[in-house]
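Below is query15.pdb, holding PDB, C-alpha atoms and all ligand atoms.
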ATOM      1  CA  MET A 211      99.550 101.389 107.705
ATOM      2  CA  LEU A 212     103.246 101.986 107.201
ATOM      3  CA  ASN A 213     104.019 103.420 110.592
ATOM      4  CA  PRO A 214     101.498 102.208 113.202
ATOM      5  CA  GLY A 215     101.517 104.281 116.328
ATOM      6  CA  GLY A 216     104.311 106.516 115.059
ATOM      7  CA  PRO A 217     104.210 110.209 114.246
ATOM      8  CA  PRO A 218     102.018 111.350 111.378
ATOM      9  CA  ALA A 219     103.579 110.970 107.969
ATOM     10  CA  ALA A 220     105.533 113.986 106.762
ATOM     11  CA  ARG A 221     103.696 115.996 104.120
ATOM     12  CA  THR A 222     106.825 117.037 102.273
ATOM     13  CA  ALA A 223     108.751 114.754  99.918
ATOM     14  CA  PRO A 224     110.813 112.192 101.818
ATOM     15  CA  PRO A 225     114.600 112.497 101.663
ATOM     16  CA  ARG A 226     116.134 110.657  98.735
ATOM     17  CA  THR A 227     117.050 107.063  99.582
ATOM     18  CA  GLY A 228     119.201 104.608  97.709
ATOM     19  CA  ILE A 229     116.226 102.982  96.025
ATOM     20  CA  MET A 230     114.667 106.116  94.588
ATOM     21  CA  PRO A 231     115.373 106.344  90.875
ATOM     22  CA  LEU A 232     117.135 109.455  89.646
ATOM     23  CA  ASN A 233     114.840 111.968  88.018
ATOM     24  CA  VAL A 234     116.313 112.196  84.513
ATOM     25  CA  ASP A 235     114.708 114.472  81.909
ATOM     26  CA  LEU A 236     116.551 114.449  78.595
ATOM     27  CA  HIS A 237     114.249 116.517  76.365
ATOM     28  CA  SER A 238     113.467 120.223  76.788
ATOM     29  CA  HIS A 239     113.443 123.519  74.911
ATOM     30  CA  SER A 240     114.558 127.067  75.617
ATOM     31  CA  SER A 241     113.956 130.375  73.879
ATOM     32  CA  CYS A 242     116.925 129.480  71.657
ATOM     33  CA  SER A 243     114.319 127.447  69.707
ATOM     34  CA  ASP A 244     110.566 127.342  70.387
ATOM     35  CA  GLY A 245     110.589 127.291  74.190
ATOM     36  CA  VAL A 246     109.777 130.450  76.134
ATOM     37  CA  LEU A 247     112.411 130.498  78.911
ATOM     38  CA  PRO A 248     116.099 131.256  78.405
ATOM     39  CA  PRO A 249     118.406 128.283  79.074
ATOM     40  CA  ALA A 250     119.417 129.370  82.594
ATOM     41  CA  GLN A 251     115.753 129.658  83.606
ATOM     42  CA  VAL A 252     114.986 126.199  82.206
ATOM     43  CA  ALA A 253     117.877 124.898  84.338
ATOM     44  CA  ALA A 254     116.515 126.608  87.454
ATOM     45  CA  ARG A 255     113.050 125.255  86.782
ATOM     46  CA  ALA A 256     114.388 121.734  86.254
ATOM     47  CA  ARG A 257     116.092 121.978  89.652
ATOM     48  CA  GLU A 258     112.879 123.247  91.301
ATOM     49  CA  GLN A 259     110.898 120.399  89.790
ATOM     50  CA  GLY A 260     113.260 117.822  91.296
ATOM     51  CA  VAL A 261     115.199 116.887  88.176
ATOM     52  CA  ASP A 262     118.629 115.349  88.939
ATOM     53  CA  TRP A 263     119.942 115.111  85.366
ATOM     54  CA  TRP A 264     118.742 117.372  82.592
ATOM     55  CA  SER A 265     119.283 117.885  78.882
ATOM     56  CA  LEU A 266     118.521 120.997  76.901
ATOM     57  CA  SER A 267     117.646 119.748  73.404
ATOM     58  CA  ASP A 268     116.600 122.704  71.295
ATOM     59  CA  HIS A 269     115.354 122.168  67.749
ATOM     60  CA  ASP A 270     118.242 122.216  65.255
ATOM     61  CA  GLU A 271     120.222 124.585  67.480
ATOM     62  CA  THR A 272     122.983 124.294  70.074
ATOM     63  CA  SER A 273     123.527 127.970  70.914
ATOM     64  CA  GLY A 274     121.895 127.607  74.354
ATOM     65  CA  LEU A 275     124.110 124.781  75.588
ATOM     66  CA  ALA A 276     126.922 126.884  77.051
ATOM     67  CA  GLU A 277     124.513 128.944  79.170
ATOM     68  CA  ALA A 278     122.622 125.788  80.125
ATOM     69  CA  ALA A 279     125.787 123.969  81.213
ATOM     70  CA  ALA A 280     127.003 126.917  83.279
ATOM     71  CA  ALA A 281     123.630 127.314  85.001
ATOM     72  CA  ALA A 282     123.411 123.583  85.707
ATOM     73  CA  ARG A 283     126.888 123.612  87.231
ATOM     74  CA  GLU A 284     125.908 126.482  89.550
ATOM     75  CA  LEU A 285     122.775 124.617  90.625
ATOM     76  CA  GLY A 286     124.444 121.240  91.120
ATOM     77  CA  LEU A 287     122.212 119.808  88.395
ATOM     78  CA  GLY A 288     123.585 117.080  86.143
ATOM     79  CA  PHE A 289     123.709 118.237  82.527
ATOM     80  CA  ILE A 290     123.752 116.369  79.205
ATOM     81  CA  PRO A 291     124.161 118.575  76.104
ATOM     82  CA  GLY A 292     121.516 117.760  73.520
ATOM     83  CA  VAL A 293     119.797 118.757  70.290
ATOM     84  CA  GLU A 294     116.571 117.682  68.542
ATOM     85  CA  ILE A 295     117.112 117.320  64.800
ATOM     86  CA  SER A 296     114.277 117.388  62.244
ATOM     87  CA  VAL A 297     114.597 114.734  59.524
ATOM     88  CA  THR A 298     112.350 113.446  56.763
ATOM     89  CA  PHE A 299     111.700 109.696  56.602
ATOM     90  CA  CYS A 300     109.058 108.040  54.400
ATOM     91  CA  GLY A 301     107.564 111.459  53.660
ATOM     92  CA  LEU A 302     107.005 112.433  57.314
ATOM     93  CA  THR A 303     108.981 114.553  59.768
ATOM     94  CA  VAL A 304     110.750 112.618  62.507
ATOM     95  CA  HIS A 305     112.665 114.193  65.403
ATOM     96  CA  VAL A 306     115.976 112.630  66.360
ATOM     97  CA  LEU A 307     117.559 113.574  69.676
ATOM     98  CA  GLY A 308     121.319 113.807  69.776
ATOM     99  CA  LEU A 309     122.330 113.311  73.421
ATOM    100  CA  ASN A 310     125.731 113.974  74.973
ATOM    101  CA  ILE A 311     126.969 115.685  71.824
ATOM    102  CA  ASP A 312     129.949 117.934  71.317
ATOM    103  CA  PRO A 313     128.213 121.007  69.842
ATOM    104  CA  GLU A 314     131.469 122.246  68.317
ATOM    105  CA  GLN A 315     131.884 119.222  66.053
ATOM    106  CA  PRO A 316     132.084 120.626  62.466
ATOM    107  CA  ASP A 317     129.768 118.136  60.669
ATOM    108  CA  LEU A 318     127.044 118.658  63.259
ATOM    109  CA  ARG A 319     127.463 122.432  63.170
ATOM    110  CA  ALA A 320     127.270 122.550  59.366
ATOM    111  CA  GLY A 321     124.270 120.212  59.255
ATOM    112  CA  LEU A 322     122.296 122.243  61.784
ATOM    113  CA  ALA A 323     123.192 125.512  60.009
ATOM    114  CA  GLY A 324     121.707 124.061  56.802
ATOM    115  CA  ILE A 325     118.444 123.182  58.579
ATOM    116  CA  ARG A 326     118.194 126.706  59.976
ATOM    117  CA  ARG A 327     118.515 128.159  56.446
ATOM    118  CA  SER A 328     115.595 125.954  55.338
ATOM    119  CA  ARG A 329     113.533 127.123  58.322
ATOM    120  CA  PHE A 330     114.146 130.729  57.395
ATOM    121  CA  GLU A 331     112.967 130.145  53.801
ATOM    122  CA  ARG A 332     109.939 128.174  54.983
ATOM    123  CA  ALA A 333     108.834 131.035  57.257
ATOM    124  CA  GLY A 334     108.321 133.298  54.229
ATOM    125  CA  GLU A 335     106.201 130.619  52.550
ATOM    126  CA  ILE A 336     104.098 130.050  55.681
ATOM    127  CA  ALA A 337     103.415 133.797  55.794
ATOM    128  CA  GLU A 338     102.349 133.775  52.117
ATOM    129  CA  ARG A 339      99.898 130.970  52.786
ATOM    130  CA  LEU A 340      98.516 132.771  55.822
ATOM    131  CA  GLN A 341      98.113 135.856  53.628
ATOM    132  CA  ASP A 342      96.025 133.700  51.272
ATOM    133  CA  CYS A 343      93.888 132.860  54.326
ATOM    134  CA  GLY A 344      93.346 136.585  54.873
ATOM    135  CA  ILE A 345      95.972 136.989  57.606
ATOM    136  CA  ALA A 346      98.424 139.746  56.752
ATOM    137  CA  GLY A 347     101.756 140.515  58.414
ATOM    138  CA  ALA A 348     102.308 137.072  59.905
ATOM    139  CA  TYR A 349     105.992 137.012  59.029
ATOM    140  CA  GLU A 350     106.729 140.145  61.038
ATOM    141  CA  GLY A 351     104.391 138.882  63.756
ATOM    142  CA  ALA A 352     106.149 135.526  64.055
ATOM    143  CA  LEU A 353     109.525 137.277  64.122
ATOM    144  CA  ARG A 354     108.344 139.269  67.133
ATOM    145  CA  GLN A 355     107.717 135.946  68.934
ATOM    146  CA  VAL A 356     111.163 134.543  68.321
ATOM    147  CA  ASP A 357     114.309 135.270  70.350
ATOM    148  CA  ASN A 358     116.507 133.573  67.774
ATOM    149  CA  PRO A 359     115.326 134.419  64.210
ATOM    150  CA  ASP A 360     117.410 131.520  62.808
ATOM    151  CA  LEU A 361     115.091 129.164  64.575
ATOM    152  CA  ILE A 362     111.770 130.498  63.376
ATOM    153  CA  GLY A 363     109.220 127.705  63.449
ATOM    154  CA  ARG A 364     105.547 126.925  63.424
ATOM    155  CA  VAL A 365     105.169 127.508  67.162
ATOM    156  CA  HIS A 366     106.154 131.167  66.691
ATOM    157  CA  PHE A 367     103.488 131.591  64.026
ATOM    158  CA  ALA A 368     101.009 129.879  66.356
ATOM    159  CA  ARG A 369     101.835 132.268  69.211
ATOM    160  CA  HIS A 370     101.339 135.235  66.874
ATOM    161  CA  LEU A 371      97.991 133.900  65.594
ATOM    162  CA  LEU A 372      96.857 133.392  69.192
ATOM    163  CA  GLU A 373      97.934 136.895  70.217
ATOM    164  CA  GLN A 374      96.058 138.394  67.243
ATOM    165  CA  GLY A 375      92.873 136.490  68.057
ATOM    166  CA  HIS A 376      92.901 134.251  64.963
ATOM    167  CA  CYS A 377      92.495 131.251  67.265
ATOM    168  CA  ARG A 378      91.620 130.599  70.885
ATOM    169  CA  THR A 379      94.461 128.182  71.724
ATOM    170  CA  LEU A 380      97.860 127.261  70.328
ATOM    171  CA  GLN A 381      96.463 123.855  69.446
ATOM    172  CA  GLN A 382      93.747 125.530  67.385
ATOM    173  CA  ALA A 383      96.419 127.431  65.413
ATOM    174  CA  PHE A 384      97.831 124.045  64.404
ATOM    175  CA  ASP A 385      94.432 122.467  63.786
ATOM    176  CA  ARG A 386      93.284 125.349  61.573
ATOM    177  CA  TYR A 387      96.407 126.581  59.833
ATOM    178  CA  LEU A 388      99.819 125.176  60.718
ATOM    179  CA  GLY A 389      99.411 121.464  61.387
ATOM    180  CA  ASP A 390     100.517 118.915  58.793
ATOM    181  CA  GLY A 391      98.353 119.244  55.699
ATOM    182  CA  LYS A 392      96.438 122.299  56.973
ATOM    183  CA  ARG A 393      95.971 125.523  55.011
ATOM    184  CA  ALA A 394      99.235 127.252  55.902
ATOM    185  CA  PHE A 395     101.321 124.077  56.155
ATOM    186  CA  VAL A 396     104.475 124.138  54.055
ATOM    187  CA  PRO A 397     105.839 120.656  53.390
ATOM    188  CA  MET A 398     109.526 120.436  54.231
ATOM    189  CA  ARG A 399     112.356 118.259  53.086
ATOM    190  CA  TRP A 400     114.490 118.034  56.158
ATOM    191  CA  PRO A 401     117.809 116.127  56.023
ATOM    192  CA  SER A 402     117.780 112.340  55.890
ATOM    193  CA  LEU A 403     117.785 110.079  58.930
ATOM    194  CA  GLU A 404     121.164 108.848  57.735
ATOM    195  CA  ALA A 405     122.660 112.357  57.756
ATOM    196  CA  ALA A 406     121.321 113.270  61.200
ATOM    197  CA  VAL A 407     122.493 110.023  62.820
ATOM    198  CA  ALA A 408     125.912 110.478  61.194
ATOM    199  CA  TRP A 409     126.262 114.037  62.575
ATOM    200  CA  ILE A 410     125.256 112.927  66.063
ATOM    201  CA  ARG A 411     127.709 110.038  66.003
ATOM    202  CA  ALA A 412     130.478 112.270  64.635
ATOM    203  CA  ALA A 413     129.795 114.596  67.577
ATOM    204  CA  GLY A 414     130.255 111.690  70.005
ATOM    205  CA  GLY A 415     126.565 111.534  70.931
ATOM    206  CA  LYS A 416     123.833 108.929  71.054
ATOM    207  CA  ALA A 417     120.988 109.192  68.535
ATOM    208  CA  VAL A 418     117.527 108.633  70.036
ATOM    209  CA  ILE A 419     114.176 108.710  68.206
ATOM    210  CA  ALA A 420     112.031 111.329  69.960
ATOM    211  CA  HIS A 421     108.358 110.699  70.866
ATOM    212  CA  PRO A 422     107.764 107.793  68.427
ATOM    213  CA  GLY A 423     104.055 107.828  69.273
ATOM    214  CA  ARG A 424     103.645 111.106  67.400
ATOM    215  CA  TYR A 425     104.382 109.761  63.906
ATOM    216  CA  ARG A 426     101.525 108.723  61.645
ATOM    217  CA  TYR A 427     103.268 105.717  60.154
ATOM    218  CA  THR A 428     101.839 102.344  59.268
ATOM    219  CA  LEU A 429     103.280  99.369  61.170
ATOM    220  CA  GLN A 430     105.416  98.567  58.124
ATOM    221  CA  GLN A 431     106.767 102.103  57.978
ATOM    222  CA  PHE A 432     107.538 102.051  61.718
ATOM    223  CA  ASP A 433     109.413  98.821  61.210
ATOM    224  CA  ALA A 434     111.351 100.419  58.330
ATOM    225  CA  LEU A 435     112.159 103.425  60.553
ATOM    226  CA  PHE A 436     113.413 101.327  63.466
ATOM    227  CA  GLU A 437     115.399  98.966  61.216
ATOM    228  CA  ALA A 438     117.004 101.836  59.295
ATOM    229  CA  PHE A 439     117.767 103.724  62.508
ATOM    230  CA  LYS A 440     119.375 100.678  64.081
ATOM    231  CA  SER A 441     121.478  99.870  61.027
ATOM    232  CA  LEU A 442     122.723 103.479  60.882
ATOM    233  CA  GLY A 443     123.944 103.263  64.482
ATOM    234  CA  GLY A 444     120.961 104.826  66.245
ATOM    235  CA  VAL A 445     120.805 103.520  69.814
ATOM    236  CA  GLY A 446     117.735 104.779  71.626
ATOM    237  CA  LEU A 447     114.002 105.311  71.704
ATOM    238  CA  GLU A 448     112.255 107.960  73.803
ATOM    239  CA  VAL A 449     109.875 105.540  75.497
ATOM    240  CA  VAL A 450     108.536 107.953  78.119
ATOM    241  CA  SER A 451     107.424 111.321  76.696
ATOM    242  CA  SER A 452     104.758 113.878  77.523
ATOM    243  CA  GLY A 453     103.537 113.238  73.968
ATOM    244  CA  HIS A 454     102.698 109.614  74.866
ATOM    245  CA  THR A 455      99.655 108.073  76.477
ATOM    246  CA  PRO A 456     100.391 105.342  79.063
ATOM    247  CA  ALA A 457      99.492 102.775  76.390
ATOM    248  CA  GLN A 458     102.041 104.335  74.034
ATOM    249  CA  CYS A 459     104.729 104.247  76.753
ATOM    250  CA  ASN A 460     104.029 100.529  77.102
ATOM    251  CA  ARG A 461     104.047  99.971  73.367
ATOM    252  CA  TYR A 462     107.402 101.705  72.866
ATOM    253  CA  ALA A 463     108.870  99.931  75.884
ATOM    254  CA  ARG A 464     108.116  96.678  74.056
ATOM    255  CA  VAL A 465     109.495  98.095  70.806
ATOM    256  CA  ALA A 466     112.727  99.084  72.589
ATOM    257  CA  GLN A 467     113.075  95.532  73.874
ATOM    258  CA  ALA A 468     112.251  93.975  70.517
ATOM    259  CA  TYR A 469     114.816  96.051  68.605
ATOM    260  CA  GLY A 470     117.429  96.173  71.347
ATOM    261  CA  PHE A 471     117.191  99.942  71.797
ATOM    262  CA  GLU A 472     118.150 101.785  74.943
ATOM    263  CA  ALA A 473     115.338 103.886  76.393
ATOM    264  CA  SER A 474     115.049 107.569  77.176
ATOM    265  CA  ARG A 475     112.699 109.757  79.198
ATOM    266  CA  GLY A 476     111.821 113.354  78.380
ATOM    267  CA  SER A 477     109.185 115.942  79.182
ATOM    268  CA  ASP A 478     109.588 117.904  75.915
ATOM    269  CA  PHE A 479     109.107 120.976  78.109
ATOM    270  CA  HIS A 480     108.465 124.185  76.117
ATOM    271  CA  ALA A 481     106.737 126.557  78.541
ATOM    272  CA  PRO A 482     105.397 126.762  82.103
ATOM    273  CA  GLY A 483     101.694 126.161  82.595
ATOM    274  CA  ILE A 484     101.359 122.817  80.814
ATOM    275  CA  PRO A 485     101.390 120.289  83.710
ATOM    276  CA  ARG A 486     101.535 117.265  81.391
ATOM    277  CA  ALA A 487     104.797 118.542  79.871
ATOM    278  CA  GLU A 488     106.375 119.974  83.031
ATOM    279  CA  LEU A 489     110.070 119.276  83.616
ATOM    280  CA  GLY A 490     110.712 116.027  85.467
ATOM    281  CA  ARG A 491     107.042 115.042  85.796
ATOM    282  CA  VAL A 492     106.550 112.341  83.189
ATOM    283  CA  PRO A 493     106.385 108.746  84.503
ATOM    284  CA  PRO A 494     109.612 106.888  85.345
ATOM    285  CA  LEU A 495     111.227 104.628  82.795
ATOM    286  CA  PRO A 496     110.199 100.979  83.251
ATOM    287  CA  GLU A 497     112.930  99.290  85.282
ATOM    288  CA  TYR A 498     113.516  96.439  82.871
ATOM    289  CA  LEU A 499     114.750  98.799  80.109
ATOM    290  CA  THR A 500     118.339  99.948  79.645
ATOM    291  CA  PRO A 501     118.467 103.726  80.058
ATOM    292  CA  VAL A 502     120.392 105.719  77.444
ATOM    293  CA  TRP A 503     122.090 107.518  80.311
ATOM    294  CA  ARG A 504     123.608 104.425  81.921
ATOM    295  CA  ASP A 505     127.120 105.277  80.591
ATOM    296  CA  TRP A 506     126.955 108.908  81.725
ATOM    297  CA  ILE A 507     125.314 109.010  85.127
TER     298      ILE A 507
HETATM  299  P1  LIG B   1     108.557 123.076  63.377
HETATM  300  O1  LIG B   1     109.798 122.320  63.798
HETATM  301  O2  LIG B   1     108.798 124.551  63.233
HETATM  302  O3  LIG B   1     107.895 122.463  62.164
HETATM  303  O4  LIG B   1     107.530 122.979  64.577
HETATM  304  C1  LIG B   1     107.348 121.748  65.209
HETATM  305  C2  LIG B   1     106.883 122.023  66.612
HETATM  306  O5  LIG B   1     105.544 122.491  66.558
HETATM  307  C3  LIG B   1     106.846 120.763  67.457
HETATM  308  O6  LIG B   1     108.063 120.566  68.114
HETATM  309  C4  LIG B   1     105.744 121.079  68.421
HETATM  310  O7  LIG B   1     106.257 121.897  69.473
HETATM  311  C5  LIG B   1     104.787 121.908  67.592
HETATM  312  N1  LIG B   1     103.712 121.156  66.900
HETATM  313  C6  LIG B   1     103.798 120.487  65.729
HETATM  314  N2  LIG B   1     102.603 119.960  65.364
HETATM  315  C7  LIG B   1     101.741 120.321  66.329
HETATM  316  C8  LIG B   1     100.346 120.101  66.542
HETATM  317  N3  LIG B   1      99.595 119.409  65.675
HETATM  318  N4  LIG B   1      99.813 120.612  67.646
HETATM  319  C9  LIG B   1     100.550 121.333  68.504
HETATM  320  N5  LIG B   1     101.853 121.577  68.381
HETATM  321  C10 LIG B   1     102.449 121.084  67.309
HETATM  322 MN    MN B   2     108.938 122.389  69.680
HETATM  323 MN    MN B   3     109.788 116.951  68.799
HETATM  324 MN    MN B   4     110.985 118.662  71.464
END

Represent the structure contained in this file as structure tokens.
Amino acid sequence: MLNPGGPPAARTAPPRTGIMPLNVDLHSHSSCSDGVLPPAQVAARAREQGVDWWSLSDHDETSGLAEAAAAARELGLGFIPGVEISVTFCGLTVHVLGLNIDPEQPDLRAGLAGIRRSRFERAGEIAERLQDCGIAGAYEGALRQVDNPDLIGRVHFARHLLEQGHCRTLQQAFDRYLGDGKRAFVPMRWPSLEAAVAWIRAAGGKAVIAHPGRYRYTLQQFDALFEAFKSLGGVGLEVVSSGHTPAQCNRYARVAQAYGFEASRGSDFHAPGIPRAELGRVPPLPEYLTPVWRDWI
């Protein structure tokens, strides 16, 4: 018993003490990409969930950062401007987080604009493949799901398919139609790892490999990814992610140590109602790792 004979323990969270780690969540999405809440509402939710430092990291898009920064300032929430860039490496899509970027940097802006053009073209092809599956009007349907048409992605098609009763869950939309290799999957050639890391560095940010546990690489390919990333000037690995099992968090903690990467923590929040991917609720970063945010916070 911690407090023998004393008053009953408080049921609310204890006040923050010097030894409590900061709640840092450096991966989340708004309706500027495939999240559902506008940036200011993501900020408010991060605050409510006890986050101390937050990054908005929309897919291939930085248009929400100004609103996010202003909202965070109002709320007294620490803010790190971010982006999550899609790249192709060894034939698979990898997501690279750019953290603490200057979104106005011209190379980064031009690179992200190019990715958004590819997304727009892909959307037409996804709709054609869905048409071949007997699903008409998916392009218009997906566009109705998207706040920012430049950022049309698979999640918007999935939300449309769910709304129209073509599947029972979002996951099923991916398993049946949109997931890698499925019937309406359109293979993409995103920019190279080299290009994305160069844009992030040019913009003064740190490049971090997002949710490494999600990639279906062989051990050799993972080694090639980490070696290439390191040699290009990539600095971090997202060790703690809602996309990771506890075993995967442990594995990537060891990988971060082995390669000398700093470590990041992110919920990859997209929408309320998914407790596993709620803002600020993923496990803490293991203490023996060097956090990517050590220079900023
Ligand atoms: P996109 O960048 O448009 O290709 O969409 C990628 C996004 O779709 C990811 O960030 C996830 O939010 C979601 N996603 C991709 N694959 C799956 C999957 N198999 N199951 C559920 N969601 C997925
Ligand atoms: Mn997403
Ligand atoms: Mn991702
Ligand atoms: Mn993400």

*asked:* Considering all atoms listed in the file, can you say which of A:Gly453, A:Arg461, A:Ala466, A:His269 comes closest to Glu437 in chain A?
replied: A:Ala466

*Please, which residues have at least one atom within 7 Å of an atom of ligand MN 3 (chain B), using all atoms listed in the file, listed as number ranges by chain?*
A: 294, 305, 420-421

For the structure provided, state which residues fall under the PyMOL selection byres (((chain A and resi 423) around 7) and not hetatm), and present them as a PDB file with C-alpha atoms, keeping the file's coordinate frame.
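Written output follows (part-v8.pdb):
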ATOM      1  CA  HIS A 421     108.358 110.699  70.866  1.00  0.00           C
ATOM      2  CA  PRO A 422     107.764 107.793  68.427  1.00  0.00           C
ATOM      3  CA  ARG A 424     103.645 111.106  67.400  1.00  0.00           C
ATOM      4  CA  TYR A 425     104.382 109.761  63.906  1.00  0.00           C
ATOM      5  CA  HIS A 454     102.698 109.614  74.866  1.00  0.00           C
ATOM      6  CA  GLN A 458     102.041 104.335  74.034  1.00  0.00           C
TER       7      GLN A 458
END

Each chain A residue no farther than 7 Å from ligand MN 4 (chain B), nearest pair in Å, only C-alpha atoms and all ligand atoms, as a tab-separated table:
residue	atom	partner	partner_atom	distance
A:His237	CA	B:MN4	MN	6.3
A:Ser238	CA	B:MN4	MN	6.1
A:His239	CA	B:MN4	MN	6.4
A:Asp268	CA	B:MN4	MN	6.9
A:His269	CA	B:MN4	MN	6.7
A:Glu294	CA	B:MN4	MN	6.4
A:Asp478	CA	B:MN4	MN	4.7

With all atoms of range 401-411 of chain A from the file as input, state the centre and edge lengths in Å to one decimal of the axis-aligned box that has 4 Å extra on each side, as AutoDock Vina command-line options.
--center_x 122.7 --center_y 112.5 --center_z 61.0 --size_x 17.9 --size_y 15.3 --size_z 18.2

*Once you count only C-alpha atoms, which residues end up no further than 6 Å from (120.4, 121.1, 92.8) in the file's frame, shown as a ChimeraX atom specification?*
/A:257,285-287

*What residues have an atom no more than 10 Å from (111.2, 124.0, 85.6) in the file's own frame, counting only C-alpha atoms, and can you write them as a PyMOL selection string?*
chain A and resi 238+247+251-261+479-482+488-491

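Distances here use all atoms listed in the file; by that measure, the residue among A:Gly443, A:Pro494, A:Gly288, A:Pro359 closest to ligand LIG 1 (chain B) is A:Pro359.
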
*With the file shown as input, list the residues that the PyMOL selection byres (((chain A and resi 333-348) around 7) and not hetatm) selects, as an MDAnalysis selection string.*
chainID A and resid 329:332 349:352 362 367 394:396

*In terms of the shortest atom-to-atom distance over all atoms listed in the file, which of A:Trp400, A:Trp264, A:Phe289, A:Phe384 is closest to ligand LIG 1 (chain B)?*
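Of A:Trp400, A:Trp264, A:Phe289, A:Phe384, the one nearest ligand LIG 1 (chain B), counting all atoms listed in the file, is A:Phe384.
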
_Atom-to-atom span, CA of Gln355 in chain A and CA of Val234 in chain A, Å_ = 29.7 Å

*Could you expand the PyMOL selection byres (((not hetatm)) within 6 of (chain B and resi 1)) into the explicit residues it covers here, written as an MDAnalysis selection string?*
chainID A and resid 363:365 381 384 389

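Across the model, the gap from CA of Val502 in chain A to CA of Cys300 in chain A is 25.8 Å.
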
*Choose the residue, out of A:Glu497, A:Glu284, A:Asp505, A:Asp433, that has the smallest atom-to-atom separation from Ala463 in chain A; count only C-alpha atoms.*
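Ranking A:Glu497, A:Glu284, A:Asp505, A:Asp433 by distance to Ala463 in chain A, first place goes to A:Glu497.
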
Just range 419-432 of chain A from the block, C-alpha atoms, as a tab-separated table (two decimals), in the first residue's frame, could you?
chain	number	residue	atom	x	y	z
A	419	ILE	CA	10.79	6.20	-40.90
A	420	ALA	CA	7.12	5.85	-39.93
A	421	HIS	CA	5.68	2.59	-38.50
A	422	PRO	CA	8.46	0.26	-39.74
A	423	GLY	CA	6.46	-2.76	-38.59
A	424	ARG	CA	3.97	-2.20	-41.41
A	425	TYR	CA	6.34	-2.98	-44.30
A	426	ARG	CA	6.43	-6.46	-45.78
A	427	TYR	CA	10.17	-6.57	-46.34
A	428	THR	CA	12.56	-9.45	-45.88
A	429	LEU	CA	15.27	-8.97	-43.24
A	430	GLN	CA	17.73	-8.18	-46.04
A	431	GLN	CA	15.43	-5.56	-47.50
A	432	PHE	CA	14.89	-3.99	-44.06
